[in-house]
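**Q** Questions regarding the structure given below will be posed in turn.
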Amino acid sequence: MRDILNLSYPELIKILTEKGEESYRASQIFSWIYKKGTFEFNDMTDLSKKLREELKTQFKLQPLRVIERRVSKDGTIKYLLGLQDSLCIESVIIPHPNRTTYCISTQVGCPVGCLFCATGMAGFKRNLSCGEIVNQVLTLRMDSGKSPNRIVYMGMGEPFLNYEETIRSLQILTHPAGMSTSTRNITVSTVGIVPKIRAFAHIHGAYRLALSLHSARQRKREKLIPIAKKYRLSDIKRALIAFQKEKKKRITIEYVMLKGFNISREDALSLRNFAKGLKVFVNLIPFNPIPGSPFRKPSPGEISRFHQMLLELGINAEVRREKGSDIEAACGQLRRYLLENLTQKA
């Protein structure tokens with residue numbers, strides 16, 4: 001049985017009109033699912049009983065299974081969600097004073113294998129379908145009662161290594177007949193998959209882009225991110241320049257600070273050189289320690305000094321306020337914790 005969440009608006013229109021239904025029925029169905037948040041075809045009362053029965057027999061529509069939910073003292077909510085094949089993914093609700101951000105995943109695990117990331121250390125299973133991506137948003141909204149003001153594709157996985165399904169999910173979430181999320185309120189993060197950065201520049205909408213950089217020194221970055229050997233910093237920068245020329249949007253640079261590794265003055269100067277010619281904002285992220293990682297978190301003084309160095313070099317940077325550290329909110333930690341405990345119990 002097909003998952004109706006995998007259908008784009010045009011695809012749904014095509015299926016309905018082939019059944020002899022009016023095309024506007026697609027708008028009604030999208031509204032029920034994405035605006036009103038219903039997971040029951042029977043509740044779609046402006047559809048005929050015949051159509052509701054046909055939908056029930058041909059499509060499935062159900063939320064993801066909440067395996068575990070952890071609520072931080074700062075209000076962050078970390079979810080471990082179960083998929084139909086018994087694999088699991090993570091999603092997070094991050095509260096702010098004036099908005100609510102959803103952080104969602106695009107893969108089960110991650111093939112990139114960054115050395116400081118719990119997701120990468122746990123390995124890669126498969127890509128998510130666009131329906132599984134958008135279902136995270138629907139499930140979190142239903143469970144929490146909090147609608148997102150912003151959505152960031154910064155959960156498990158590399159979105160641009162699941163490019164087609166990622167783009168389909170964006171088009172579903174932003175469609176005016178459904179959730180109608182503004183494209184400017186969605187950010188997609190990448191470690192620097194150059195061809196897809198260039199392709200993403202031409203996708204309709206004011207989507208934002210974030211680069212997981214973590215070092216602006218080529219050899220050092222290769223130690224952190226194995227795929228950096230394929231997509232070099234010089235090529236990434238050219239792709240970012242092309243993206244910015246097309247979209248006219250500031251790019252966020254994600255930079256995890258690792259004690260004794262990437263927070264020296266030379267690292268700061270390299271970051272300034274990389275940012276030259278780009279309009280960027282640098283999001284400094286204190287490392288969230290994970291078991292088995294060779295890295296450590298810098299001291300508050302070291303974090304402050306590196307931040308100050310960047311400001312003095314003219315780089316727009318802030319230290320991200322830590323959220324969810326008491327509930328293992330770093331990407332991949334909750335899934336890894338569950339898998340390890342299940343293995344021990346077995």
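Residues in the structure tokens are numbered from 1 in each chain, the chains being A, B, ... in the order shown, and ligands are numbered from 1 in the order shown.
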Give me the residues near range 225-235 of chain A as a VMD selection string, where near means some atom within 7 Å (using only C-alpha atoms) and where sequence neighbours in that chain fewer than 4 positions away do not count.
**A** chain A and resid 112 to 115 192 to 194 218 221 239
**Q** Could you name the residues that touch Leu81 in chain A at 10 Å or less, counting only C-alpha atoms, but leaving out those on the same chain fewer than 3 positions away, as a list in words?
**A**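 Everything that qualifies: Pro63, Leu64, Arg65, Val66, Ile67, Glu68, Arg69, Lys78, Ser86, Leu87, Cys88, Ile89, Glu90, Ser91, Gln136, Thr139, Leu140 and Arg335 of chain A.
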**Q** Keeping only N, CA, C and O atoms, write the selected residues as a tab-separated table (two decimals), in the first residue's frame.
**A**
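As a result, out39.tsv now contains:
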chain	number	residue	atom	x	y	z
A	63	PRO	N	1.03	8.39	11.53
A	63	PRO	CA	2.21	9.06	12.05
A	63	PRO	C	3.33	8.07	12.30
A	63	PRO	O	3.11	6.85	12.36
A	64	LEU	N	4.53	8.57	12.44
A	64	LEU	CA	5.66	7.74	12.84
A	64	LEU	C	5.47	7.33	14.30
A	64	LEU	O	4.83	8.04	15.08
A	65	ARG	N	6.03	6.21	14.66
A	65	ARG	CA	5.89	5.71	16.03
A	65	ARG	C	6.89	6.42	16.94
A	65	ARG	O	8.09	6.43	16.66
A	66	VAL	N	6.41	7.00	18.01
A	66	VAL	CA	7.29	7.65	18.98
A	66	VAL	C	7.84	6.57	19.91
A	66	VAL	O	7.15	6.07	20.80
A	67	ILE	N	9.10	6.21	19.69
A	67	ILE	CA	9.75	5.19	20.53
A	67	ILE	C	10.17	5.80	21.86
A	67	ILE	O	10.00	5.20	22.92
A	68	GLU	N	10.72	6.99	21.78
A	68	GLU	CA	11.15	7.67	23.00
A	68	GLU	C	11.07	9.18	22.79
A	68	GLU	O	11.33	9.68	21.70
A	69	ARG	N	10.72	9.86	23.85
A	69	ARG	CA	10.63	11.32	23.84
A	69	ARG	C	11.34	11.82	25.09
A	69	ARG	O	11.03	11.42	26.20
A	78	LYS	N	13.56	15.93	22.31
A	78	LYS	CA	14.25	15.02	21.40
A	78	LYS	C	13.39	13.77	21.20
A	78	LYS	O	12.95	13.16	22.16
A	86	SER	N	11.17	-0.94	11.04
A	86	SER	CA	11.74	-1.10	12.39
A	86	SER	C	13.04	-0.34	12.61
A	86	SER	O	13.62	-0.42	13.69
A	87	LEU	N	13.52	0.39	11.60
A	87	LEU	CA	14.64	1.28	11.82
A	87	LEU	C	14.14	2.53	12.54
A	87	LEU	O	12.93	2.76	12.64
A	88	CYS	N	15.05	3.35	13.02
A	88	CYS	CA	14.62	4.54	13.75
A	88	CYS	C	15.48	5.75	13.39
A	88	CYS	O	16.62	5.62	12.96
A	89	ILE	N	14.88	6.91	13.56
A	89	ILE	CA	15.54	8.18	13.26
A	89	ILE	C	15.28	9.16	14.40
A	89	ILE	O	14.47	8.90	15.28
A	90	GLU	N	15.97	10.27	14.35
A	90	GLU	CA	15.81	11.30	15.37
A	90	GLU	C	15.28	12.59	14.77
A	90	GLU	O	15.60	12.95	13.64
A	91	SER	N	14.46	13.28	15.56
A	91	SER	CA	13.98	14.63	15.23
A	91	SER	C	13.95	15.42	16.52
A	91	SER	O	13.83	14.85	17.60
A	136	GLN	N	7.96	13.41	9.76
A	136	GLN	CA	8.57	13.87	11.01
A	136	GLN	C	7.92	15.17	11.47
A	136	GLN	O	7.62	15.35	12.65
A	139	THR	N	4.32	14.36	12.65
A	139	THR	CA	4.30	13.62	13.91
A	139	THR	C	4.68	14.51	15.09
A	139	THR	O	4.03	14.47	16.14
A	140	LEU	N	5.72	15.33	14.91
A	140	LEU	CA	6.13	16.23	16.00
A	140	LEU	C	5.05	17.25	16.32
A	140	LEU	O	4.80	17.56	17.48
A	335	ARG	N	19.62	7.73	19.30
A	335	ARG	CA	19.54	6.47	18.54
A	335	ARG	C	20.66	5.54	18.95
A	335	ARG	O	20.46	4.34	19.15
**Q** Please run DSSP on the backbone and report, as a list in words, all residues within range 109-149 of chain A that come out as alpha helix (DSSP H).
**A**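 Put together, the selection reads Ala118, Thr119, Gly120, Met121, Cys130, Gly131, Glu132, Ile133, Val134, Asn135, Gln136, Val137, Leu138, Thr139, Leu140, Arg141, Met142, Asp143 and Ser144 of chain A.
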**Q** Take the residues just selected and output them with N, CA, C and O atoms as a PDB file, in the first residue's frame.
**A**
ATOM      1  N   ALA A 118      27.907  11.551  16.445  1.00  0.00           N
ATOM      2  CA  ALA A 118      27.373  10.259  16.887  1.00  0.00           C
ATOM      3  C   ALA A 118      26.635   9.544  15.769  1.00  0.00           C
ATOM      4  O   ALA A 118      26.671   8.316  15.679  1.00  0.00           O
ATOM      5  N   THR A 119      25.964  10.296  14.894  1.00  0.00           N
ATOM      6  CA  THR A 119      25.259   9.671  13.774  1.00  0.00           C
ATOM      7  C   THR A 119      26.239   8.951  12.858  1.00  0.00           C
ATOM      8  O   THR A 119      26.033   7.801  12.471  1.00  0.00           O
ATOM      9  N   GLY A 120      27.314   9.650  12.485  1.00  0.00           N
ATOM     10  CA  GLY A 120      28.306   9.058  11.598  1.00  0.00           C
ATOM     11  C   GLY A 120      28.981   7.845  12.207  1.00  0.00           C
ATOM     12  O   GLY A 120      29.268   6.862  11.515  1.00  0.00           O
ATOM     13  N   MET A 121      29.213   7.896  13.513  1.00  0.00           N
ATOM     14  CA  MET A 121      29.881   6.789  14.186  1.00  0.00           C
ATOM     15  C   MET A 121      28.991   5.552  14.238  1.00  0.00           C
ATOM     16  O   MET A 121      29.481   4.427  14.356  1.00  0.00           O
ATOM     17  N   CYS A 130      10.589  10.843   0.766  1.00  0.00           N
ATOM     18  CA  CYS A 130      10.096  12.188   1.067  1.00  0.00           C
ATOM     19  C   CYS A 130       8.942  12.107   2.067  1.00  0.00           C
ATOM     20  O   CYS A 130       8.792  12.975   2.931  1.00  0.00           O
ATOM     21  N   GLY A 131       8.141  11.043   1.993  1.00  0.00           N
ATOM     22  CA  GLY A 131       7.053  10.873   2.943  1.00  0.00           C
ATOM     23  C   GLY A 131       7.549  10.707   4.364  1.00  0.00           C
ATOM     24  O   GLY A 131       6.949  11.231   5.310  1.00  0.00           O
ATOM     25  N   GLU A 132       8.643   9.985   4.544  1.00  0.00           N
ATOM     26  CA  GLU A 132       9.215   9.808   5.878  1.00  0.00           C
ATOM     27  C   GLU A 132       9.827  11.106   6.394  1.00  0.00           C
ATOM     28  O   GLU A 132       9.825  11.373   7.600  1.00  0.00           O
ATOM     29  N   ILE A 133      10.323  11.924   5.480  1.00  0.00           N
ATOM     30  CA  ILE A 133      10.882  13.222   5.885  1.00  0.00           C
ATOM     31  C   ILE A 133       9.764  14.154   6.362  1.00  0.00           C
ATOM     32  O   ILE A 133       9.835  14.718   7.453  1.00  0.00           O
ATOM     33  N   VAL A 134       8.704  14.294   5.557  1.00  0.00           N
ATOM     34  CA  VAL A 134       7.627  15.217   5.943  1.00  0.00           C
ATOM     35  C   VAL A 134       6.832  14.671   7.135  1.00  0.00           C
ATOM     36  O   VAL A 134       6.285  15.442   7.929  1.00  0.00           O
ATOM     37  N   ASN A 135       6.805  13.357   7.279  1.00  0.00           N
ATOM     38  CA  ASN A 135       6.052  12.767   8.389  1.00  0.00           C
ATOM     39  C   ASN A 135       6.675  13.138   9.735  1.00  0.00           C
ATOM     40  O   ASN A 135       5.974  13.199  10.751  1.00  0.00           O
ATOM     41  N   GLN A 136       7.955  13.406   9.761  1.00  0.00           N
ATOM     42  CA  GLN A 136       8.571  13.866  11.008  1.00  0.00           C
ATOM     43  C   GLN A 136       7.919  15.165  11.473  1.00  0.00           C
ATOM     44  O   GLN A 136       7.620  15.349  12.649  1.00  0.00           O
ATOM     45  N   VAL A 137       7.699  16.070  10.529  1.00  0.00           N
ATOM     46  CA  VAL A 137       7.072  17.352  10.854  1.00  0.00           C
ATOM     47  C   VAL A 137       5.651  17.129  11.363  1.00  0.00           C
ATOM     48  O   VAL A 137       5.237  17.706  12.382  1.00  0.00           O
ATOM     49  N   LEU A 138       4.893  16.280  10.661  1.00  0.00           N
ATOM     50  CA  LEU A 138       3.508  16.020  11.053  1.00  0.00           C
ATOM     51  C   LEU A 138       3.436  15.329  12.419  1.00  0.00           C
ATOM     52  O   LEU A 138       2.584  15.657  13.248  1.00  0.00           O
ATOM     53  N   THR A 139       4.317  14.363  12.648  1.00  0.00           N
ATOM     54  CA  THR A 139       4.302  13.620  13.912  1.00  0.00           C
ATOM     55  C   THR A 139       4.683  14.507  15.086  1.00  0.00           C
ATOM     56  O   THR A 139       4.035  14.472  16.143  1.00  0.00           O
ATOM     57  N   LEU A 140       5.718  15.334  14.907  1.00  0.00           N
ATOM     58  CA  LEU A 140       6.135  16.228  15.998  1.00  0.00           C
ATOM     59  C   LEU A 140       5.052  17.249  16.315  1.00  0.00           C
ATOM     60  O   LEU A 140       4.799  17.556  17.481  1.00  0.00           O
ATOM     61  N   ARG A 141       4.401  17.756  15.285  1.00  0.00           N
ATOM     62  CA  ARG A 141       3.338  18.732  15.502  1.00  0.00           C
ATOM     63  C   ARG A 141       2.159  18.099  16.234  1.00  0.00           C
ATOM     64  O   ARG A 141       1.594  18.692  17.162  1.00  0.00           O
ATOM     65  N   MET A 142       1.786  16.887  15.827  1.00  0.00           N
ATOM     66  CA  MET A 142       0.679  16.198  16.471  1.00  0.00           C
ATOM     67  C   MET A 142       1.002  15.877  17.934  1.00  0.00           C
ATOM     68  O   MET A 142       0.174  16.067  18.826  1.00  0.00           O
ATOM     69  N   ASP A 143       2.229  15.411  18.186  1.00  0.00           N
ATOM     70  CA  ASP A 143       2.595  14.992  19.533  1.00  0.00           C
ATOM     71  C   ASP A 143       2.765  16.169  20.485  1.00  0.00           C
ATOM     72  O   ASP A 143       2.377  16.096  21.652  1.00  0.00           O
ATOM     73  N   SER A 144       3.333  17.254  19.992  1.00  0.00           N
ATOM     74  CA  SER A 144       3.674  18.379  20.867  1.00  0.00           C
ATOM     75  C   SER A 144       2.607  19.463  20.909  1.00  0.00           C
ATOM     76  O   SER A 144       2.542  20.239  21.866  1.00  0.00           O
TER      77      SER A 144
END
**Q** For Val92 in chain A, please output as number ranges by chain all residues within 8 Å (counting only C-alpha atoms; exclusion window: fewer than 4 positions along the same chain).
**A** A: 76-79, 102-104, 155, 329
**Q** Go ahead and write the residues just picked, N, CA, C and O atoms, as a PDB file, in the first residue's frame.
**A**
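Wrote part_3.pdb, looks like this:
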ATOM      1  N   THR A  76      13.810  21.880  25.054  1.00  0.00           N
ATOM      2  CA  THR A  76      14.106  21.090  23.862  1.00  0.00           C
ATOM      3  C   THR A  76      13.479  19.700  24.005  1.00  0.00           C
ATOM      4  O   THR A  76      13.555  19.088  25.068  1.00  0.00           O
ATOM      5  N   ILE A  77      12.870  19.214  22.922  1.00  0.00           N
ATOM      6  CA  ILE A  77      12.265  17.878  22.933  1.00  0.00           C
ATOM      7  C   ILE A  77      12.952  17.024  21.871  1.00  0.00           C
ATOM      8  O   ILE A  77      12.945  17.360  20.687  1.00  0.00           O
ATOM      9  N   LYS A  78      13.563  15.935  22.309  1.00  0.00           N
ATOM     10  CA  LYS A  78      14.253  15.019  21.398  1.00  0.00           C
ATOM     11  C   LYS A  78      13.392  13.772  21.202  1.00  0.00           C
ATOM     12  O   LYS A  78      12.949  13.159  22.160  1.00  0.00           O
ATOM     13  N   TYR A  79      13.162  13.426  19.930  1.00  0.00           N
ATOM     14  CA  TYR A  79      12.329  12.279  19.589  1.00  0.00           C
ATOM     15  C   TYR A  79      13.167  11.184  18.929  1.00  0.00           C
ATOM     16  O   TYR A  79      14.026  11.465  18.077  1.00  0.00           O
ATOM     17  N   TYR A 102      11.922  23.053  14.122  1.00  0.00           N
ATOM     18  CA  TYR A 102      11.986  21.602  13.999  1.00  0.00           C
ATOM     19  C   TYR A 102      13.294  21.242  13.289  1.00  0.00           C
ATOM     20  O   TYR A 102      13.604  21.809  12.237  1.00  0.00           O
ATOM     21  N   CYS A 103      14.015  20.287  13.845  1.00  0.00           N
ATOM     22  CA  CYS A 103      15.217  19.755  13.201  1.00  0.00           C
ATOM     23  C   CYS A 103      14.900  18.337  12.754  1.00  0.00           C
ATOM     24  O   CYS A 103      14.568  17.479  13.587  1.00  0.00           O
ATOM     25  N   ILE A 104      14.981  18.067  11.449  1.00  0.00           N
ATOM     26  CA  ILE A 104      14.552  16.777  10.927  1.00  0.00           C
ATOM     27  C   ILE A 104      15.674  16.074  10.164  1.00  0.00           C
ATOM     28  O   ILE A 104      16.657  16.691   9.749  1.00  0.00           O
ATOM     29  N   GLY A 155      19.240  17.170  10.904  1.00  0.00           N
ATOM     30  CA  GLY A 155      19.214  15.980  11.723  1.00  0.00           C
ATOM     31  C   GLY A 155      20.137  14.912  11.164  1.00  0.00           C
ATOM     32  O   GLY A 155      21.180  15.211  10.571  1.00  0.00           O
ATOM     33  N   ALA A 329      21.058  15.403  23.223  1.00  0.00           N
ATOM     34  CA  ALA A 329      20.418  15.992  22.048  1.00  0.00           C
ATOM     35  C   ALA A 329      21.347  16.167  20.854  1.00  0.00           C
ATOM     36  O   ALA A 329      20.903  16.593  19.807  1.00  0.00           O
TER      37      ALA A 329
END
**Q** Range 82-277 of chain A: which residues are strand (DSSP E) by DSSP, as a count of residues only?
**A** 43
**Q** Work out how far CA of Trp32 in chain A is from CA of Thr45 in chain A, in Å to one decimal.
**A** 9.5 Å
**Q** So that I can check the surroundings of Asn127 in chain A, please list as a list in words every protein, DNA and RNA residue that reaches within 12 Å of it, counting only C-alpha atoms and ignoring chain neighbours fewer than 5 positions away.
**A**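 Residues near the query, excluding close chain neighbours: Leu83, Leu87, Cys88, Ile89, Ser105, Thr106, Gln107, Val108, Gly109, Cys110, Pro111, Glu132, Ile133, Met156, Gly157, Glu158, Pro159, Phe160, Leu161, Asn162, Tyr163, Glu164, Glu165 and Thr166 of chain A.
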**Q** List the spatial neighbours of Pro286 in chain A as a ChimeraX atom specification - criterion: any atom at most 7 Å away, only C-alpha atoms, same-chain residues fewer than 2 positions off excluded.
**A** /A:256-257,284,288,297
**Q** Keeping only N, CA and C atoms, write those residues as a PDB file, in the first residue's frame.
**A**
ATOM      1  N   VAL A 256      31.840  23.327  14.556  1.00  0.00           N
ATOM      2  CA  VAL A 256      31.965  22.668  15.852  1.00  0.00           C
ATOM      3  C   VAL A 256      33.369  22.917  16.400  1.00  0.00           C
ATOM      4  N   MET A 257      33.443  23.489  17.584  1.00  0.00           N
ATOM      5  CA  MET A 257      34.725  23.805  18.200  1.00  0.00           C
ATOM      6  C   MET A 257      35.263  22.607  18.977  1.00  0.00           C
ATOM      7  N   LEU A 284      29.078  29.120  15.901  1.00  0.00           N
ATOM      8  CA  LEU A 284      30.079  28.385  16.665  1.00  0.00           C
ATOM      9  C   LEU A 284      29.382  27.432  17.632  1.00  0.00           C
ATOM     10  N   ASN A 288      29.728  18.674  21.720  1.00  0.00           N
ATOM     11  CA  ASN A 288      28.953  17.910  22.700  1.00  0.00           C
ATOM     12  C   ASN A 288      29.593  16.531  22.800  1.00  0.00           C
ATOM     13  N   LYS A 297      35.585  18.890  24.500  1.00  0.00           N
ATOM     14  CA  LYS A 297      34.973  20.209  24.437  1.00  0.00           C
ATOM     15  C   LYS A 297      35.951  21.256  24.964  1.00  0.00           C
TER      16      LYS A 297
END
**Q** Counting only C-alpha atoms, which of A:Leu313, A:Lys223, A:Phe41, A:Leu51 gets nearest to Glu22 in chain A?
**A** A:Leu51
**Q** Find, counting only C-alpha atoms, the residue in A:Met309, A:Arg184, A:Tyr153, A:Phe261 that gets nearest to Ser169 in chain A.
**A**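 Smallest distance to Ser169 in chain A is found for A:Tyr153.
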**Q** State, in Å with one decimal place, the distance from CA of Ile151 in chain A to CA of Leu209 in chain A.
**A**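 Pair CA of Ile151 in chain A / CA of Leu209 in chain A returns 12.0 Å.
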**Q** Using CA of Tyr24 in chain A and CA of Ile4 in chain A as the two end points, give the distance in Å to one decimal.
**A**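 Taking CA of Tyr24 in chain A as the start and CA of Ile4 in chain A as the end point, the length is 16.5 Å.
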